[in-house]
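S.K.: One file is attached below, target11.cif, containing mmCIF, C-alpha atoms.
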```
data_protein
#
loop_
_atom_site.label_atom_id
_atom_site.label_comp_id
_atom_site.auth_asym_id
_atom_site.auth_seq_id
_atom_site.Cartn_x
_atom_site.Cartn_y
_atom_site.Cartn_z
CA MET A 344 6.03 -38.88 -61.87
CA ARG A 345 2.30 -38.28 -61.92
CA GLU A 346 0.30 -35.55 -60.18
CA LEU A 347 -2.99 -35.70 -58.34
CA ARG A 348 -6.20 -34.23 -59.71
CA TRP A 349 -9.59 -33.52 -58.23
CA GLY A 350 -12.17 -35.54 -60.17
CA ARG A 351 -15.58 -37.13 -59.84
CA GLN A 352 -15.77 -40.84 -59.21
CA GLY A 353 -17.74 -43.08 -61.51
CA ASN A 354 -21.45 -43.95 -61.14
CA GLY A 355 -22.36 -40.54 -59.76
CA GLY A 356 -19.92 -40.80 -56.87
CA GLY A 357 -18.35 -37.90 -55.04
CA TYR A 358 -15.08 -36.14 -55.68
CA ARG A 359 -11.66 -37.71 -55.05
CA TRP A 360 -8.01 -37.13 -55.93
CA GLU A 361 -6.81 -38.99 -59.04
CA ARG A 362 -3.46 -39.38 -60.72
CA LEU A 363 -2.78 -36.65 -63.33
CA GLY A 364 0.29 -36.28 -65.54
CA PRO A 365 2.23 -32.99 -65.92
CA ARG A 366 0.80 -32.30 -69.39
CA GLU A 367 -2.72 -32.95 -68.19
CA VAL A 368 -2.19 -30.55 -65.31
CA LEU A 369 -0.89 -27.82 -67.63
CA GLY A 370 -3.80 -28.36 -70.02
CA ALA A 371 -6.33 -28.20 -67.23
CA VAL A 372 -4.88 -24.94 -65.91
CA ARG A 373 -4.93 -23.35 -69.38
CA ALA A 374 -8.50 -24.50 -69.96
CA LEU A 375 -9.66 -23.08 -66.66
CA SER A 376 -7.91 -19.78 -67.26
CA CYS A 377 -9.51 -19.54 -70.69
CA CYS A 378 -12.95 -20.23 -69.23
CA LEU A 379 -12.62 -17.50 -66.63
CA ARG A 380 -11.81 -14.98 -69.35
CA GLN A 381 -14.96 -15.82 -71.33
CA PRO A 382 -18.10 -13.68 -71.12
CA PRO A 383 -20.77 -15.03 -68.74
CA HIS A 384 -23.17 -16.00 -71.56
CA LEU A 385 -20.55 -18.31 -73.09
CA LEU A 386 -20.22 -20.18 -69.84
CA GLY A 387 -23.88 -21.09 -69.75
CA GLY A 388 -24.84 -18.57 -67.09
CA GLU A 389 -23.53 -15.72 -65.01
CA ARG A 390 -20.07 -16.05 -63.59
CA ARG A 391 -20.03 -16.99 -59.95
CA HIS A 392 -18.64 -14.57 -57.43
CA THR A 393 -15.00 -15.39 -56.73
CA ASN A 394 -15.59 -15.22 -52.98
CA GLU A 395 -18.44 -17.76 -52.95
CA ASP A 396 -17.83 -20.84 -50.82
CA THR A 397 -18.17 -23.53 -53.56
CA GLU A 398 -16.13 -26.61 -54.42
CA TRP A 399 -15.45 -25.17 -57.88
CA ASN A 400 -13.99 -21.96 -56.43
CA ASP A 401 -11.96 -24.01 -53.96
CA ILE A 402 -10.43 -25.96 -56.89
CA LEU A 403 -9.58 -22.73 -58.69
CA ARG A 404 -7.95 -21.34 -55.56
CA ASP A 405 -5.87 -24.51 -55.25
CA PHE A 406 -4.49 -23.89 -58.76
CA GLY A 407 -3.87 -20.21 -57.94
CA ILE A 408 -6.37 -19.06 -60.57
CA LEU A 409 -8.62 -17.29 -58.06
CA PRO A 410 -7.29 -15.04 -55.33
CA PRO A 411 -7.49 -16.26 -51.73
CA LYS A 412 -10.90 -16.05 -50.15
CA GLU A 413 -11.62 -12.77 -48.35
CA LYS A 414 -11.72 -13.07 -44.60
CA PRO A 415 -15.07 -12.12 -43.05
CA LYS A 416 -15.01 -9.06 -40.82
CA ASP A 417 -14.66 -9.80 -37.16
CA GLU A 418 -17.99 -9.10 -35.41
CA ILE A 419 -16.20 -8.03 -32.24
CA GLU A 420 -14.03 -5.61 -34.19
CA GLU A 421 -17.12 -4.12 -35.85
CA MET A 422 -18.80 -3.77 -32.46
CA VAL A 423 -15.75 -2.00 -31.01
CA LEU A 424 -15.63 0.41 -33.95
CA HIS A 425 -19.35 1.11 -33.51
CA LEU A 426 -18.95 1.83 -29.81
CA GLN A 427 -15.95 4.05 -30.47
CA LYS A 428 -17.98 6.03 -32.96
CA GLU A 429 -20.83 6.45 -30.49
CA ALA A 430 -18.39 7.48 -27.77
CA GLU A 431 -16.89 10.28 -29.84
CA VAL A 432 -16.64 13.49 -27.83
CA LYS A 433 -19.24 16.06 -28.76
CA PRO A 434 -17.81 19.38 -30.00
CA TYR A 435 -19.27 21.28 -27.06
CA GLU A 436 -17.44 19.02 -24.58
CA ARG A 437 -14.18 20.59 -25.73
CA MET A 438 -15.43 24.15 -25.19
CA ASN A 439 -15.19 26.40 -22.18
CA LEU A 440 -18.17 28.36 -20.86
CA GLU A 441 -17.55 31.40 -23.08
CA GLU A 442 -17.19 29.29 -26.24
CA LEU A 443 -20.42 27.44 -25.41
CA LYS A 444 -22.30 30.73 -25.17
CA GLU A 445 -20.95 31.95 -28.52
CA ALA A 446 -21.73 28.69 -30.37
CA GLU A 447 -25.15 28.09 -28.81
CA ASP A 448 -27.05 29.02 -32.00
CA ASP A 449 -25.19 26.37 -34.01
CA PHE A 450 -26.68 23.42 -32.09
CA ASP A 451 -30.09 21.78 -32.36
CA GLU A 452 -32.64 21.42 -29.55
CA ALA A 453 -31.24 18.12 -28.26
CA ASP A 454 -27.75 19.56 -28.19
CA ARG A 455 -28.95 22.68 -26.39
CA LYS A 456 -30.43 20.57 -23.58
CA ALA A 457 -27.22 18.58 -23.33
CA ILE A 458 -25.20 21.80 -23.42
CA GLU A 459 -27.21 23.26 -20.54
CA LEU A 460 -26.56 20.18 -18.40
CA TYR A 461 -22.92 20.25 -19.43
CA ARG A 462 -22.67 23.97 -18.62
CA GLN A 463 -24.06 23.39 -15.12
CA GLN A 464 -21.59 20.57 -14.59
CA ARG A 465 -18.67 22.69 -15.75
CA LEU A 466 -19.88 25.58 -13.58
CA GLN A 467 -19.92 23.38 -10.48
CA GLU A 468 -16.45 22.06 -11.34
CA TRP A 469 -15.23 25.62 -11.79
CA LYS A 470 -16.67 26.70 -8.43
CA CYS A 471 -15.08 23.70 -6.73
CA LEU A 472 -11.73 24.48 -8.35
CA GLN A 473 -11.96 28.14 -7.33
CA ARG A 474 -12.79 27.13 -3.79
CA MET A 475 -9.86 24.74 -3.57
CA GLN A 476 -7.54 27.42 -4.94
CA LYS A 477 -8.95 29.97 -2.50
CA TYR A 478 -8.59 27.91 0.68
CA GLY A 479 -5.94 25.37 1.66
CA GLU A 480 -4.30 27.43 4.39
CA LEU A 481 -4.98 28.72 7.89
CA ARG A 482 -5.67 32.40 7.31
CA GLU A 483 -5.57 35.20 9.88
CA ILE A 484 -8.49 37.62 10.14
CA CYS A 485 -9.47 40.41 12.52
CA GLY A 486 -12.72 41.15 14.30
CA ALA A 487 -13.88 43.55 11.59
CA GLN A 488 -13.77 40.72 9.03
CA TYR A 489 -15.63 38.20 11.19
CA VAL A 490 -19.11 38.74 9.75
CA LYS A 491 -17.94 38.69 6.16
CA GLU A 492 -15.53 35.74 6.45
CA VAL A 493 -17.44 33.59 8.93
CA THR A 494 -21.11 34.47 9.35
CA ASN A 495 -21.73 35.41 5.71
CA ALA A 496 -19.58 32.68 4.15
CA PRO A 497 -21.14 30.71 1.22
CA GLU A 498 -23.80 28.32 2.46
CA ASP A 499 -22.03 25.26 1.06
CA VAL A 500 -18.75 26.06 2.83
CA TRP A 501 -17.70 24.84 6.24
CA VAL A 502 -15.84 27.47 8.26
CA ILE A 503 -13.56 26.64 11.18
CA ILE A 504 -12.24 29.58 13.19
CA HIS A 505 -9.82 29.47 16.11
CA LEU A 506 -9.92 32.28 18.69
CA TYR A 507 -6.53 32.41 20.41
CA ARG A 508 -3.86 34.31 22.26
CA SER A 509 -0.25 34.03 21.14
CA ASN A 510 1.04 33.73 24.72
CA ILE A 511 -0.88 30.49 25.42
CA PRO A 512 1.07 27.38 24.33
CA MET A 513 -2.06 25.32 23.75
CA CYS A 514 -3.32 27.93 21.28
CA LEU A 515 -0.05 27.74 19.34
CA LEU A 516 -0.35 23.94 19.23
CA VAL A 517 -3.90 24.17 17.86
CA ASN A 518 -2.73 26.63 15.20
CA GLU A 519 -0.05 24.17 14.09
CA HIS A 520 -2.58 21.37 13.78
CA LEU A 521 -5.13 23.53 11.97
CA SER A 522 -2.47 24.59 9.46
CA LEU A 523 -1.86 20.93 8.61
CA LEU A 524 -5.57 20.19 8.35
CA ALA A 525 -6.15 23.24 6.15
CA ARG A 526 -3.74 21.83 3.57
CA LYS A 527 -5.29 18.38 3.88
CA PHE A 528 -8.88 19.66 3.46
CA PRO A 529 -8.64 22.62 1.04
CA GLU A 530 -12.40 22.76 0.50
CA VAL A 531 -12.88 23.90 4.14
CA LYS A 532 -12.19 27.46 5.19
CA PHE A 533 -9.77 27.51 8.16
CA LEU A 534 -9.39 30.82 9.98
CA LYS A 535 -7.76 32.14 13.12
CA ALA A 536 -8.21 35.43 14.97
CA ILE A 537 -6.73 36.99 18.09
CA VAL A 538 -9.58 36.82 20.56
CA ASN A 539 -9.36 40.48 21.70
CA SER A 540 -10.12 41.68 18.14
CA CYS A 541 -13.40 39.72 18.19
CA ILE A 542 -14.50 39.54 21.84
CA GLN A 543 -13.37 41.99 24.53
CA ASN A 544 -12.41 40.65 27.97
CA TYR A 545 -12.63 37.03 26.90
CA CYS A 546 -11.48 34.71 29.67
CA ASP A 547 -8.20 32.90 29.11
CA ARG A 548 -9.71 29.82 30.73
CA CYS A 549 -11.92 29.48 27.64
CA LEU A 550 -8.95 29.39 25.26
CA PRO A 551 -8.33 27.88 22.85
CA THR A 552 -11.82 28.26 21.37
CA ILE A 553 -12.68 26.55 18.09
CA LEU A 554 -15.99 27.40 16.43
CA VAL A 555 -17.42 25.51 13.45
CA TYR A 556 -19.87 27.32 11.15
CA LYS A 557 -22.07 26.40 8.20
CA THR A 558 -25.07 28.24 6.73
CA ARG A 559 -24.56 31.05 9.26
CA GLU A 560 -25.01 28.71 12.19
CA ILE A 561 -22.61 27.27 14.74
CA LYS A 562 -22.49 23.53 14.14
CA GLY A 563 -19.86 22.75 16.74
CA ARG A 564 -17.72 24.38 19.41
CA PHE A 565 -14.71 23.36 21.47
CA ILE A 566 -14.05 25.72 24.36
CA GLY A 567 -11.05 25.43 26.63
CA VAL A 568 -8.10 23.08 26.79
CA ALA A 569 -10.12 20.03 27.82
CA GLU A 570 -12.69 20.22 25.02
CA CYS A 571 -10.00 20.89 22.45
CA GLY A 572 -8.20 17.68 23.45
CA GLY A 573 -5.70 18.55 26.15
CA ILE A 574 -2.12 19.71 26.18
CA ASP A 575 -0.94 16.52 24.44
CA LEU A 576 -3.40 17.03 21.54
CA LYS A 577 -2.42 15.26 18.34
CA VAL A 578 -3.48 16.38 14.88
CA GLU A 579 -5.37 13.11 14.32
CA GLU A 580 -7.44 13.75 17.45
CA LEU A 581 -8.36 17.24 16.25
CA GLU A 582 -9.22 15.85 12.83
CA TRP A 583 -11.56 13.33 14.45
CA LYS A 584 -13.29 16.04 16.51
CA LEU A 585 -13.93 18.16 13.41
CA ALA A 586 -15.16 15.12 11.50
CA GLU A 587 -17.65 14.29 14.27
CA VAL A 588 -19.44 17.62 13.75
CA GLY A 589 -19.39 17.09 9.96
CA ALA A 590 -16.91 19.80 8.98
CA ILE A 591 -14.48 17.42 7.24
CA GLU A 592 -14.58 13.92 5.76
CA THR A 593 -11.84 11.96 7.46
CA VAL A 594 -10.38 8.64 6.38
CA LEU A 595 -9.70 7.70 9.99
CA GLU A 596 -11.64 4.54 10.83
CA LYS A 597 -11.80 5.01 14.59
CA LYS A 598 -11.20 7.62 17.24
CA PRO A 599 -7.49 7.99 18.08
CA LYS A 600 -6.61 6.92 21.60
CA LYS A 601 -4.81 9.24 23.99
CA ASP A 602 -1.64 8.06 25.66
CA ILE A 603 -2.70 9.46 29.06
CA GLU A 604 -5.91 10.65 30.65
CA TYR A 605 -6.27 14.41 30.70
CA ASP A 606 -6.89 16.34 33.95
CA ASP A 607 -8.81 19.53 33.18
CA THR A 608 -8.15 21.12 36.61
CA VAL A 609 -4.39 20.74 36.36
CA SER A 610 -4.23 22.04 32.79
CA VAL A 611 -6.33 25.13 33.43
CA LYS A 612 -4.25 25.96 36.49
CA TYR A 613 -1.12 25.50 34.43
CA PHE A 614 -2.21 27.83 31.61
CA CYS A 615 -3.76 30.48 33.89
CA SER A 616 -0.74 30.81 36.21
#
```
Transcribe the structure of this file into structure tokens.

M.R.:
Amino acid sequence: MRELRWGRQGNGGGYRWERLGPREVLGAVRALSCCLRQPPHLLGGERRHTNEDTEWNDILRDFGILPPKEKPKDEIEEMVLHLQKEAEVKPYERMNLEELKEAEDDFDEADRKAIELYRQQRLQEWKCLQRMQKYGELREICGAQYVKEVTNAPEDVWVIIHLYRSNIPMCLLVNEHLSLLARKFPEVKFLKAIVNSCIQNYCDRCLPTILVYKTREIKGRFIGVAECGGIDLKVEELEWKLAEVGAIETVLEKKPKKDIEYDDTVSVKYFCS
């Protein structure tokens, strides 16, 4: 049985496979191995790199004399590694505000500018977190706290206060709805106060009274049963009313419809009797 060999055709032709006996194969392998172990100057020039894409190297790889050709690096993989390196988190992004202040001298001018922007961002996040932890419930206040809690509230905070009497059912219903909304919108300050502690001789006909404040100004008011939504008021209707004056950002797409039309004269007579 004869083997194939890779040889040049006659008359300057190209390469082709030719029949080669077992002894010839063994001799060729030994000769090639011996050549590769010779110094470059004995081979008539410098030894070619084993990873070059030449026919000679391909023949040597076929005989197992040269190792397999190295695979080129994937360009996409290199790009991903480069982007990952660029996206590495800066040391100061892992620090809190106190650590940033202590390590400020260790950063260069570019880092200091970035740190200042980062500090302002973290400060705003911290204020927002503190606000959300502070609110989130309908809190009771008295008249003596009105100026501090309502009028002098932070300028970026919406304040909703309900003036009520505990013996008026509509006021109790509004308190229930405001409690739900306070948990749903924790960034808004929801308050309630017994009306006599804030305003003496306030008419029951004007209850419930809901006042909406921002930047020390009244942005909206709902006075009496009719303006608050009627005795069949639903929490979605109250949410819509507060959203209309800008106090909350609702996800409701349209104004909720009432099941029945509300008669202000009948309701006021009912609550005042």

S.K.: Could you tell me how far atom CA of A:Glu530 sits from atom CA of A:Lys562, in Å to one decimal place?

M.R.: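 Atom CA of A:Glu530 lies 17.0 Å from atom CA of A:Lys562.
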
S.K.: Using the chain letters and numbers from the file, which residues does the PyMOL selection byres ((chain A and resi 575-580) around 8) grab, as an NGL selection string?

M.R.: :A and (516 or 520-521 or 523-524 or 571-574 or 581-584 or 598-599)

S.K.: For A:Thr397, which residue out of A:Lys412, A:Ala457, A:Cys546, A:Gln488 is the nearest one, using only C-alpha atoms?

M.R.: A:Lys412

S.K.: To one decimal place, how far is atom CA of A:Leu554 from atom CA of A:Ile504 in Å?

M.R.: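 Pair atom CA of A:Leu554 / atom CA of A:Ile504 returns 5.4 Å.
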
S.K.: Could you write out as a list in words the residues that the PyMOL selection byres ((chain A and resi 537-542) around 10) matches in the shown file?

M.R.: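 So the PyMOL selection byres ((chain A and resi 537-542) around 10) ends up selecting Glu483, Ile484, Cys485, Gly486, Ala487, Gln488, Tyr489, His505, Leu506, Tyr507, Arg508, Ser509, Lys535, Ala536, Gln543, Asn544, Tyr545, Cys546, Asp547, Leu550, Pro551 and Thr552 of chain A.
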
S.K.: Filtering to C-alpha atoms, could you give me those residues as an mmCIF file, keeping the file's coordinate frame?

M.R.:
```
data_model
loop_
_atom_site.group_PDB
_atom_site.id
_atom_site.type_symbol
_atom_site.label_atom_id
_atom_site.label_comp_id
_atom_site.auth_asym_id
_atom_site.auth_seq_id
_atom_site.Cartn_x
_atom_site.Cartn_y
_atom_site.Cartn_z
ATOM 1 C CA GLU A 483 -5.570 35.200 9.880
ATOM 2 C CA ILE A 484 -8.490 37.620 10.140
ATOM 3 C CA CYS A 485 -9.470 40.410 12.520
ATOM 4 C CA GLY A 486 -12.720 41.150 14.300
ATOM 5 C CA ALA A 487 -13.880 43.550 11.590
ATOM 6 C CA GLN A 488 -13.770 40.720 9.030
ATOM 7 C CA TYR A 489 -15.630 38.200 11.190
ATOM 8 C CA HIS A 505 -9.820 29.470 16.110
ATOM 9 C CA LEU A 506 -9.920 32.280 18.690
ATOM 10 C CA TYR A 507 -6.530 32.410 20.410
ATOM 11 C CA ARG A 508 -3.860 34.310 22.260
ATOM 12 C CA SER A 509 -0.250 34.030 21.140
ATOM 13 C CA LYS A 535 -7.760 32.140 13.120
ATOM 14 C CA ALA A 536 -8.210 35.430 14.970
ATOM 15 C CA GLN A 543 -13.370 41.990 24.530
ATOM 16 C CA ASN A 544 -12.410 40.650 27.970
ATOM 17 C CA TYR A 545 -12.630 37.030 26.900
ATOM 18 C CA CYS A 546 -11.480 34.710 29.670
ATOM 19 C CA ASP A 547 -8.200 32.900 29.110
ATOM 20 C CA LEU A 550 -8.950 29.390 25.260
ATOM 21 C CA PRO A 551 -8.330 27.880 22.850
ATOM 22 C CA THR A 552 -11.820 28.260 21.370
#
```

S.K.: Please output stretch 552-572 of chain A, rebuilt to include N, CA, C and O atoms, as an mmCIF file, in the frame of the given file.

M.R.:
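Contents of the output file part.cif:
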```
data_model
loop_
_atom_site.group_PDB
_atom_site.id
_atom_site.type_symbol
_atom_site.label_atom_id
_atom_site.label_comp_id
_atom_site.auth_asym_id
_atom_site.auth_seq_id
_atom_site.Cartn_x
_atom_site.Cartn_y
_atom_site.Cartn_z
ATOM 1 N N THR A 552 -10.417 28.432 21.736
ATOM 2 C CA THR A 552 -11.820 28.260 21.370
ATOM 3 C C THR A 552 -11.901 28.006 19.856
ATOM 4 O O THR A 552 -11.412 28.815 19.058
ATOM 5 N N ILE A 553 -12.499 26.898 19.509
ATOM 6 C CA ILE A 553 -12.680 26.550 18.090
ATOM 7 C C ILE A 553 -14.174 26.527 17.800
ATOM 8 O O ILE A 553 -14.931 25.795 18.445
ATOM 9 N N LEU A 554 -14.592 27.334 16.827
ATOM 10 C CA LEU A 554 -15.990 27.400 16.430
ATOM 11 C C LEU A 554 -16.127 26.880 14.997
ATOM 12 O O LEU A 554 -15.313 27.209 14.130
ATOM 13 N N VAL A 555 -17.171 26.092 14.771
ATOM 14 C CA VAL A 555 -17.420 25.510 13.450
ATOM 15 C C VAL A 555 -18.746 26.038 12.922
ATOM 16 O O VAL A 555 -19.789 25.875 13.561
ATOM 17 N N TYR A 556 -18.695 26.698 11.749
ATOM 18 C CA TYR A 556 -19.870 27.320 11.150
ATOM 19 C C TYR A 556 -20.242 26.658 9.826
ATOM 20 O O TYR A 556 -19.388 26.172 9.088
ATOM 21 N N LYS A 557 -21.555 26.721 9.551
ATOM 22 C CA LYS A 557 -22.070 26.400 8.200
ATOM 23 C C LYS A 557 -23.476 26.975 8.111
ATOM 24 O O LYS A 557 -24.261 26.863 9.050
ATOM 25 N N THR A 558 -23.774 27.584 6.965
ATOM 26 C CA THR A 558 -25.070 28.240 6.730
ATOM 27 C C THR A 558 -25.402 29.218 7.861
ATOM 28 O O THR A 558 -26.525 29.245 8.366
ATOM 29 N N ARG A 559 -24.400 29.983 8.256
ATOM 30 C CA ARG A 559 -24.560 31.050 9.260
ATOM 31 C C ARG A 559 -24.906 30.539 10.647
ATOM 32 O O ARG A 559 -25.378 31.298 11.490
ATOM 33 N N GLU A 560 -24.710 29.275 10.876
ATOM 34 C CA GLU A 560 -25.010 28.710 12.190
ATOM 35 C C GLU A 560 -23.787 28.008 12.757
ATOM 36 O O GLU A 560 -22.953 27.472 12.006
ATOM 37 N N ILE A 561 -23.692 27.998 14.078
ATOM 38 C CA ILE A 561 -22.610 27.270 14.740
ATOM 39 C C ILE A 561 -23.008 25.806 14.821
ATOM 40 O O ILE A 561 -24.000 25.434 15.443
ATOM 41 N N LYS A 562 -22.231 24.958 14.164
ATOM 42 C CA LYS A 562 -22.490 23.530 14.140
ATOM 43 C C LYS A 562 -21.696 22.765 15.198
ATOM 44 O O LYS A 562 -22.017 21.615 15.516
ATOM 45 N N GLY A 563 -20.669 23.394 15.713
ATOM 46 C CA GLY A 563 -19.860 22.750 16.740
ATOM 47 C C GLY A 563 -18.966 23.763 17.420
ATOM 48 O O GLY A 563 -18.611 24.797 16.832
ATOM 49 N N ARG A 564 -18.603 23.477 18.666
ATOM 50 C CA ARG A 564 -17.720 24.380 19.410
ATOM 51 C C ARG A 564 -16.878 23.569 20.375
ATOM 52 O O ARG A 564 -17.337 22.586 20.966
ATOM 53 N N PHE A 565 -15.644 23.990 20.526
ATOM 54 C CA PHE A 565 -14.710 23.360 21.470
ATOM 55 C C PHE A 565 -14.070 24.505 22.263
ATOM 56 O O PHE A 565 -13.277 25.283 21.722
ATOM 57 N N ILE A 566 -14.450 24.581 23.528
ATOM 58 C CA ILE A 566 -14.050 25.720 24.360
ATOM 59 C C ILE A 566 -13.169 25.234 25.499
ATOM 60 O O ILE A 566 -13.582 24.387 26.300
ATOM 61 N N GLY A 567 -11.969 25.775 25.555
ATOM 62 C CA GLY A 567 -11.050 25.430 26.630
ATOM 63 C C GLY A 567 -10.136 24.272 26.242
ATOM 64 O O GLY A 567 -10.347 23.558 25.258
ATOM 65 N N VAL A 568 -9.121 24.088 27.060
ATOM 66 C CA VAL A 568 -8.100 23.080 26.790
ATOM 67 C C VAL A 568 -8.697 21.679 26.764
ATOM 68 O O VAL A 568 -8.385 20.868 25.891
ATOM 69 N N ALA A 569 -9.566 21.380 27.716
ATOM 70 C CA ALA A 569 -10.120 20.030 27.820
ATOM 71 C C ALA A 569 -10.931 19.658 26.586
ATOM 72 O O ALA A 569 -10.745 18.593 25.996
ATOM 73 N N GLU A 570 -11.846 20.534 26.171
ATOM 74 C CA GLU A 570 -12.690 20.220 25.020
ATOM 75 C C GLU A 570 -11.905 20.174 23.714
ATOM 76 O O GLU A 570 -12.287 19.465 22.783
ATOM 77 N N CYS A 571 -10.826 20.904 23.659
ATOM 78 C CA CYS A 571 -10.000 20.890 22.450
ATOM 79 C C CYS A 571 -9.104 19.647 22.375
ATOM 80 O O CYS A 571 -8.542 19.365 21.324
ATOM 81 N N GLY A 572 -8.963 18.931 23.504
ATOM 82 C CA GLY A 572 -8.200 17.680 23.450
ATOM 83 C C GLY A 572 -7.047 17.566 24.403
ATOM 84 O O GLY A 572 -6.398 16.519 24.447
#
```
